[in-house]
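These notes concern the structure reproduced below.
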Amino acid sequence: MSENYDVVVIGAGPAGYHAAIRAAQLGMKVACIDAALGKDGKPALGGTCLRVGCIPSKAMLDSSRQFWNMGHLFGDHGISFKDAKIDVETMVGRKDKIVKQFTGGIAMLFKANKVTAYYGFAQLQPGNVVKVKQHDDTEVELKGTNVILAAGSDSIELPFAKFDGQTIVDNVGALDFTEVPKRLAVIGAGVIGLELGSVWKRLGAEVTILEALPDFLAVADAEVAKAAAKEFKKQGLEIKLGAKVSATEVTGKGKKQEVVVTYTDASGEQTLTVDKLLVAVGRRAATKGVLAEGTGVQLNERGQIVVDEHCHTGVDGVWAIGDCVRGPMLAHKGFEEGIAVAELIAGLPGHVNFDTIPWVIYTEPEIAWVGKTEQQLKAEGVPYKAGSFPFAANGRAVAMSEPAGFVKVLAHAETDRVLGMHLVGVNVSELVHEGVLTMEFSGSADDLARICHAHPSLSEVVHDAAMAVSKRAIHKAN
Ligand code: NAD
């Protein structure tokens with residue numbers, strides 16, 4: 001006998017829990033299934049984002065930023081102290097407490113919205129039936145008028161650098177080191193490599209990031225990537241470009257364990273010996289075992305579930321959202337897809353605008369962008385104007401001793417419509433939303449320039465950059 005639901009959601013990560021709660025708000029009977037367990041061995045909702053991604057990494061970034069500032073910023077303010085120390089156990093414990101608060105928060109939201117949670121591994125069968133193998137080894141069968149697949153993603157493992165959870169780790173292991181490694185190597189100068197590399201660098205590790213591509217942060221605007229690289233270099237974060245790792249070997253035992261990393265760069269084959277190795281070379285859709293034979297749902301060559309622009313799989317009543325489908329692997333992209341699908345099921349309009357999804361890298365300085373880069377506009381032959389403004393000329397940023405970076409606004413040369421905003425600097429994770437809003441409302445650089453911004457505030461850098469598009473920035477020579 002199967003239990004009937006209007007909507008069955010597989011996965012309670014950012015995409016899945018948004019879909020489940022929104023569907024319940026719209027009056028549907030909803031079940032949501034998740035297999036994940038927390039560090040305490042108990043079921044933990046919230047997916048990668050809450051358990052081992054966005055939230056814990058931000059907790060650790062904040063702890064390490066405070067520690068770094070003691071040694072690098074406090075002196076400017078005349079603050080001195082003796083012997084700053086970091087207790088890694090306390091720092092990790094704080095992170096774990098935050099994770100527990102938020103994963104528990106999803107369970108409470110499910111209860112409040114009458115979403116039934118099931119804990120175990122779910123597999124879609126033909127005919128919209130979902131089989132759940134629960135943690136106590138019992139099996140339940142759920143039937144959904146609609147099924148939403150939100151299975152998320154897993155770290156990609158390199159065949160020559162298998163995760164052992166101790167010496168060679170992914171993002172999960174790198175959030176739980178018990179002490180600051182003396183030497184840490186990171187494979188991949190992407191989002192995870194830069195964020196977690198920064199955490200351990202600020203706490204005192206010697207960090208070397210090995211990136212296979214010849215360009216640093218090729219996904220970002222080239223000027224932003226260049227400015228960020230300059231700041232990371234000042235911080236002592238070593239980033240080797242064009243460095244392709246081909247082998248690793250773990251030697252020694254217990255605390256004496258080391259990893260010898262072999263890589264090839266322009267000067268030939270090299271080796272690097274470190275205490276810990278973080279592999280951050282991307283993630284892949286976690287679709288293994290999620291689909292039984294004969295469901296009709298298709299996977300592409302990257303293991304992602306094939307969907308149309310409305311996240312529909314082509315099988316009646318079966319949808320897929322978040323990291324397990326095409327598009328950027330960002331929690332907030334999953335949030336929006338979850339909400340859109342729940343609304344489409346309810347017969348409402350539901351849509352995600354991929355052109356205005358913001359990107360943020362939580363390094364110091366932060367990096368953020370929305371829309372097209374200058375390189376993309378050039379390649380597409382779109383005529384554009386650029387206006388930029390530095391944080392070094394902003395009173396608030398200088399008062400905070402945070403003068404690094406700039407904001408750049410890109411607008412169409414003829415219509416003035418904003419096509420992109422690229423930021424590097426303090427708190428740009430918040431400022432980027434001025435670009436998102438402007439673009440979402442099809443606004444122009446002139447619209448942004450005519451909006452009153454509070455003084456003194458960091459947002460004035462966005463305002464001045466918008467004014468600079470038409471060469472009328474007040475606080476710099478145009
Ligand atoms: P990524 O795709 O951002 O970066 C991986 C990097 O590894 C790339 O630069 C790639 O060129 C490099 N690489 C691949 N193979 C290599 C090799 N053999 N040797 C050296 N370099 C190699 O992937 P990630 O950093 O692992 O992050 C995974 C996903 O998680 C991304 O999609 C990211 O958007 C998401 N994420 C987002 C945030 C955020 O929004 N702040 C934070 C963490 C993760």
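Chain lettering (A, B, ...) mirrors the order of the structure tokens, residue numbering begins at 1 for each chain separately, and ligand numbering begins at 1 in order of display.
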ask   = Neighbours of ligand 1 within 6 Å, counting only C-alpha atoms and all ligand atoms, as a ChimeraX atom specification?
value = /A:54,187-193,210-213,244-245,280-283,328-330,360-362
Polymer residues at most 8 Å from region 336-345 of chain A, only C-alpha atoms, same-chain spacing of 6 or more positions, as a PDB file with all heavy atoms, in the first residue's frame:
```pdb
ATOM      1  N   ALA A  15      16.900  23.506  -2.951  1.00  0.00           N
ATOM      2  CA  ALA A  15      15.863  23.419  -3.985  1.00  0.00           C
ATOM      3  C   ALA A  15      14.658  22.651  -3.457  1.00  0.00           C
ATOM      4  O   ALA A  15      13.513  23.107  -3.558  1.00  0.00           O
ATOM      5  CB  ALA A  15      16.436  22.738  -5.233  1.00  0.00           C
ATOM      6  N   GLY A  16      14.911  21.494  -2.854  1.00  0.00           N
ATOM      7  CA  GLY A  16      13.834  20.618  -2.401  1.00  0.00           C
ATOM      8  C   GLY A  16      13.015  21.214  -1.279  1.00  0.00           C
ATOM      9  O   GLY A  16      11.776  21.161  -1.308  1.00  0.00           O
ATOM     10  N   TYR A  17      13.673  21.831  -0.271  1.00  0.00           N
ATOM     11  CA  TYR A  17      12.851  22.321   0.840  1.00  0.00           C
ATOM     12  C   TYR A  17      12.048  23.556   0.428  1.00  0.00           C
ATOM     13  O   TYR A  17      10.937  23.761   0.926  1.00  0.00           O
ATOM     14  CB  TYR A  17      13.668  22.487   2.137  1.00  0.00           C
ATOM     15  CG  TYR A  17      14.451  23.758   2.357  1.00  0.00           C
ATOM     16  CD1 TYR A  17      13.822  24.965   2.655  1.00  0.00           C
ATOM     17  CD2 TYR A  17      15.844  23.753   2.339  1.00  0.00           C
ATOM     18  CE1 TYR A  17      14.554  26.127   2.896  1.00  0.00           C
ATOM     19  CE2 TYR A  17      16.580  24.898   2.584  1.00  0.00           C
ATOM     20  CZ  TYR A  17      15.933  26.091   2.859  1.00  0.00           C
ATOM     21  OH  TYR A  17      16.654  27.223   3.085  1.00  0.00           O
ATOM     22  N   HIS A  18      12.585  24.350  -0.498  1.00  0.00           N
ATOM     23  CA  HIS A  18      11.788  25.476  -1.001  1.00  0.00           C
ATOM     24  C   HIS A  18      10.551  24.965  -1.747  1.00  0.00           C
ATOM     25  O   HIS A  18       9.450  25.476  -1.558  1.00  0.00           O
ATOM     26  CB  HIS A  18      12.622  26.376  -1.929  1.00  0.00           C
ATOM     27  CG  HIS A  18      13.364  27.448  -1.193  1.00  0.00           C
ATOM     28  ND1 HIS A  18      14.400  27.184  -0.345  1.00  0.00           N
ATOM     29  CD2 HIS A  18      13.186  28.794  -1.163  1.00  0.00           C
ATOM     30  CE1 HIS A  18      14.842  28.312   0.175  1.00  0.00           C
ATOM     31  NE2 HIS A  18      14.129  29.314  -0.300  1.00  0.00           N
ATOM     32  N   ALA A  19      10.750  23.946  -2.596  1.00  0.00           N
ATOM     33  CA  ALA A  19       9.627  23.391  -3.359  1.00  0.00           C
ATOM     34  C   ALA A  19       8.575  22.829  -2.399  1.00  0.00           C
ATOM     35  O   ALA A  19       7.371  23.087  -2.560  1.00  0.00           O
ATOM     36  CB  ALA A  19      10.133  22.286  -4.290  1.00  0.00           C
ATOM     37  N   ALA A  20       9.033  22.076  -1.385  1.00  0.00           N
ATOM     38  CA  ALA A  20       8.103  21.425  -0.458  1.00  0.00           C
ATOM     39  C   ALA A  20       7.290  22.469   0.312  1.00  0.00           C
ATOM     40  O   ALA A  20       6.057  22.367   0.409  1.00  0.00           O
ATOM     41  CB  ALA A  20       8.884  20.528   0.507  1.00  0.00           C
ATOM     42  N   ARG A  22       6.772  25.706  -0.364  1.00  0.00           N
ATOM     43  CA  ARG A  22       5.900  26.541  -1.224  1.00  0.00           C
ATOM     44  C   ARG A  22       4.660  25.727  -1.659  1.00  0.00           C
ATOM     45  O   ARG A  22       3.550  26.265  -1.675  1.00  0.00           O
ATOM     46  CB  ARG A  22       6.680  27.039  -2.448  1.00  0.00           C
ATOM     47  CG  ARG A  22       5.918  28.015  -3.299  1.00  0.00           C
ATOM     48  CD  ARG A  22       5.709  29.371  -2.613  1.00  0.00           C
ATOM     49  NE  ARG A  22       4.779  30.218  -3.341  1.00  0.00           N
ATOM     50  CZ  ARG A  22       3.578  30.593  -2.874  1.00  0.00           C
ATOM     51  NH1 ARG A  22       3.180  30.232  -1.674  1.00  0.00           N
ATOM     52  NH2 ARG A  22       2.790  31.352  -3.598  1.00  0.00           N
ATOM     53  N   ALA A  23       4.875  24.435  -1.994  1.00  0.00           N
ATOM     54  CA  ALA A  23       3.731  23.603  -2.412  1.00  0.00           C
ATOM     55  C   ALA A  23       2.747  23.469  -1.249  1.00  0.00           C
ATOM     56  O   ALA A  23       1.530  23.544  -1.448  1.00  0.00           O
ATOM     57  CB  ALA A  23       4.219  22.229  -2.878  1.00  0.00           C
ATOM     58  N   LEU A  26       0.666  26.423  -0.770  1.00  0.00           N
ATOM     59  CA  LEU A  26      -0.367  26.527  -1.799  1.00  0.00           C
ATOM     60  C   LEU A  26      -1.469  25.485  -1.613  1.00  0.00           C
ATOM     61  O   LEU A  26      -2.293  25.274  -2.500  1.00  0.00           O
ATOM     62  CB  LEU A  26       0.273  26.407  -3.191  1.00  0.00           C
ATOM     63  CG  LEU A  26       1.119  27.637  -3.579  1.00  0.00           C
ATOM     64  CD1 LEU A  26       2.044  27.322  -4.745  1.00  0.00           C
ATOM     65  CD2 LEU A  26       0.224  28.818  -3.931  1.00  0.00           C
ATOM     66  N   ASN A 146       2.494  14.598  -8.336  1.00  0.00           N
ATOM     67  CA  ASN A 146       3.716  15.200  -8.876  1.00  0.00           C
ATOM     68  C   ASN A 146       4.898  14.743  -8.042  1.00  0.00           C
ATOM     69  O   ASN A 146       4.784  14.613  -6.819  1.00  0.00           O
ATOM     70  CB  ASN A 146       3.644  16.727  -8.801  1.00  0.00           C
ATOM     71  CG  ASN A 146       2.695  17.282  -9.840  1.00  0.00           C
ATOM     72  OD1 ASN A 146       3.066  17.465 -10.990  1.00  0.00           O
ATOM     73  ND2 ASN A 146       1.444  17.512  -9.433  1.00  0.00           N
ATOM     74  N   HIS A 310      11.140  24.887 -17.903  1.00  0.00           N
ATOM     75  CA  HIS A 310      10.266  24.953 -16.720  1.00  0.00           C
ATOM     76  C   HIS A 310      10.587  23.851 -15.714  1.00  0.00           C
ATOM     77  O   HIS A 310       9.779  23.562 -14.833  1.00  0.00           O
ATOM     78  CB  HIS A 310       8.793  24.846 -17.149  1.00  0.00           C
ATOM     79  CG  HIS A 310       8.385  25.949 -18.080  1.00  0.00           C
ATOM     80  ND1 HIS A 310       8.431  27.266 -17.709  1.00  0.00           N
ATOM     81  CD2 HIS A 310       7.956  25.928 -19.365  1.00  0.00           C
ATOM     82  CE1 HIS A 310       8.042  28.021 -18.723  1.00  0.00           C
ATOM     83  NE2 HIS A 310       7.755  27.237 -19.751  1.00  0.00           N
ATOM     84  N   CYS A 311      11.757  23.224 -15.856  1.00  0.00           N
ATOM     85  CA  CYS A 311      12.191  22.148 -14.948  1.00  0.00           C
ATOM     86  C   CYS A 311      11.326  20.906 -15.061  1.00  0.00           C
ATOM     87  O   CYS A 311      11.234  20.100 -14.127  1.00  0.00           O
ATOM     88  CB  CYS A 311      12.228  22.616 -13.485  1.00  0.00           C
ATOM     89  SG  CYS A 311      13.409  23.925 -13.185  1.00  0.00           S
ATOM     90  N   TRP A 319       9.266  16.449 -12.219  1.00  0.00           N
ATOM     91  CA  TRP A 319      10.044  17.676 -12.355  1.00  0.00           C
ATOM     92  C   TRP A 319      11.419  17.471 -11.730  1.00  0.00           C
ATOM     93  O   TRP A 319      11.583  16.577 -10.900  1.00  0.00           O
ATOM     94  CB  TRP A 319       9.345  18.825 -11.620  1.00  0.00           C
ATOM     95  CG  TRP A 319       7.869  18.944 -11.896  1.00  0.00           C
ATOM     96  CD1 TRP A 319       6.877  18.135 -11.422  1.00  0.00           C
ATOM     97  CD2 TRP A 319       7.224  19.937 -12.707  1.00  0.00           C
ATOM     98  NE1 TRP A 319       5.653  18.552 -11.884  1.00  0.00           N
ATOM     99  CE2 TRP A 319       5.830  19.664 -12.673  1.00  0.00           C
ATOM    100  CE3 TRP A 319       7.673  21.029 -13.450  1.00  0.00           C
ATOM    101  CZ2 TRP A 319       4.895  20.438 -13.350  1.00  0.00           C
ATOM    102  CZ3 TRP A 319       6.747  21.810 -14.119  1.00  0.00           C
ATOM    103  CH2 TRP A 319       5.381  21.508 -14.080  1.00  0.00           C
ATOM    104  N   ILE A 321      14.952  19.846 -10.180  1.00  0.00           N
ATOM    105  CA  ILE A 321      15.427  21.202  -9.844  1.00  0.00           C
ATOM    106  C   ILE A 321      16.781  21.161  -9.128  1.00  0.00           C
ATOM    107  O   ILE A 321      17.186  20.117  -8.629  1.00  0.00           O
ATOM    108  CB  ILE A 321      14.404  21.917  -8.920  1.00  0.00           C
ATOM    109  CG1 ILE A 321      14.118  21.061  -7.661  1.00  0.00           C
ATOM    110  CG2 ILE A 321      13.104  22.214  -9.652  1.00  0.00           C
ATOM    111  CD1 ILE A 321      13.195  21.720  -6.644  1.00  0.00           C
ATOM    112  N   GLY A 322      17.449  22.311  -9.082  1.00  0.00           N
ATOM    113  CA  GLY A 322      18.665  22.461  -8.269  1.00  0.00           C
ATOM    114  C   GLY A 322      19.913  21.913  -8.935  1.00  0.00           C
ATOM    115  O   GLY A 322      20.035  21.885 -10.161  1.00  0.00           O
ATOM    116  N   HIS A 351       8.729  31.061 -12.876  1.00  0.00           N
ATOM    117  CA  HIS A 351       9.795  31.311 -13.841  1.00  0.00           C
ATOM    118  C   HIS A 351      11.082  31.689 -13.113  1.00  0.00           C
ATOM    119  O   HIS A 351      11.029  32.361 -12.089  1.00  0.00           O
ATOM    120  CB  HIS A 351       9.361  32.467 -14.762  1.00  0.00           C
ATOM    121  CG  HIS A 351      10.418  32.924 -15.704  1.00  0.00           C
ATOM    122  ND1 HIS A 351      10.901  32.124 -16.697  1.00  0.00           N
ATOM    123  CD2 HIS A 351      11.095  34.092 -15.791  1.00  0.00           C
ATOM    124  CE1 HIS A 351      11.832  32.794 -17.370  1.00  0.00           C
ATOM    125  NE2 HIS A 351      11.967  33.985 -16.830  1.00  0.00           N
ATOM    126  N   VAL A 352      12.227  31.240 -13.635  1.00  0.00           N
ATOM    127  CA  VAL A 352      13.517  31.672 -13.075  1.00  0.00           C
ATOM    128  C   VAL A 352      14.281  32.381 -14.187  1.00  0.00           C
ATOM    129  O   VAL A 352      14.454  31.829 -15.267  1.00  0.00           O
ATOM    130  CB  VAL A 352      14.348  30.472 -12.565  1.00  0.00           C
ATOM    131  CG1 VAL A 352      15.666  30.961 -11.969  1.00  0.00           C
ATOM    132  CG2 VAL A 352      13.563  29.658 -11.547  1.00  0.00           C
TER     133      VAL A 352
END
```
message = Using only C-alpha atoms, which protein or nucleic acid residues come within 12 Å of Val370 (chain A)? Drop anything in the same chain fewer than 4 positions from it, and give the result as a PyMOL selection string.
response = chain A and resi 219-221+353-360+374+407-410+418-423+428-429+431-440
inquiry  = Residues near region 107-116 of chain A, anyone? I mean within 8 Å using only C-alpha atoms, not counting same-chain ones fewer than 5 positions away, as a list in words.
reply    = Ala20, Ile21, Ala24, Gln25, Lys29, Val30, Ala31, Cys32 and Leu45 of chain A
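Checking A:Ala243, A:Ala174, A:Leu142, A:Ile474 one by one against Val92 (chain A), counting only C-alpha atoms, you find the shortest gap at A:Ala174.
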query = If you run DSSP on this backbone, which residues of region 318-363 of chain A come out as alpha helix (DSSP H), and could you give them as a PyMOL selection string?
reply = chain A and resi 331-345
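Here CA of Asp6 (chain A) stands at a distance of 4.9 Å from CA of Thr145 (chain A).
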request  = Any chance you could list, as a VMD selection string, the residues in region 90-255 of chain A that come up strand (DSSP E or B) when DSSP is run on the backbone?
outcome  = chain A and resid 115 to 125 129 to 134 139 to 149 153 to 155 158 161 168 to 169 183 to 187 206 to 210 238 to 240 244 to 251
ask   = How many Å lie between CA of Phe406 (chain A) and CA of Asp464 (chain A), rounded to one decimal?
value =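 Interatomic distance, CA of Phe406 (chain A) to CA of Asp464 (chain A): 10.4 Å.
With distances restricted to only C-alpha atoms, A:Ala320 is the closest residue to Val9 (chain A) from A:Leu73, A:Val52, A:Ala320, A:Ala205.
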request  = Would you list the contacts of Ile98 (chain A) as a ChimeraX atom specification, taking every protein, DNA or RNA residue within 9 Å and counting only C-alpha atoms, but skipping same-chain residues closer than 6 positions in sequence?
outcome  = /A:55-56,59
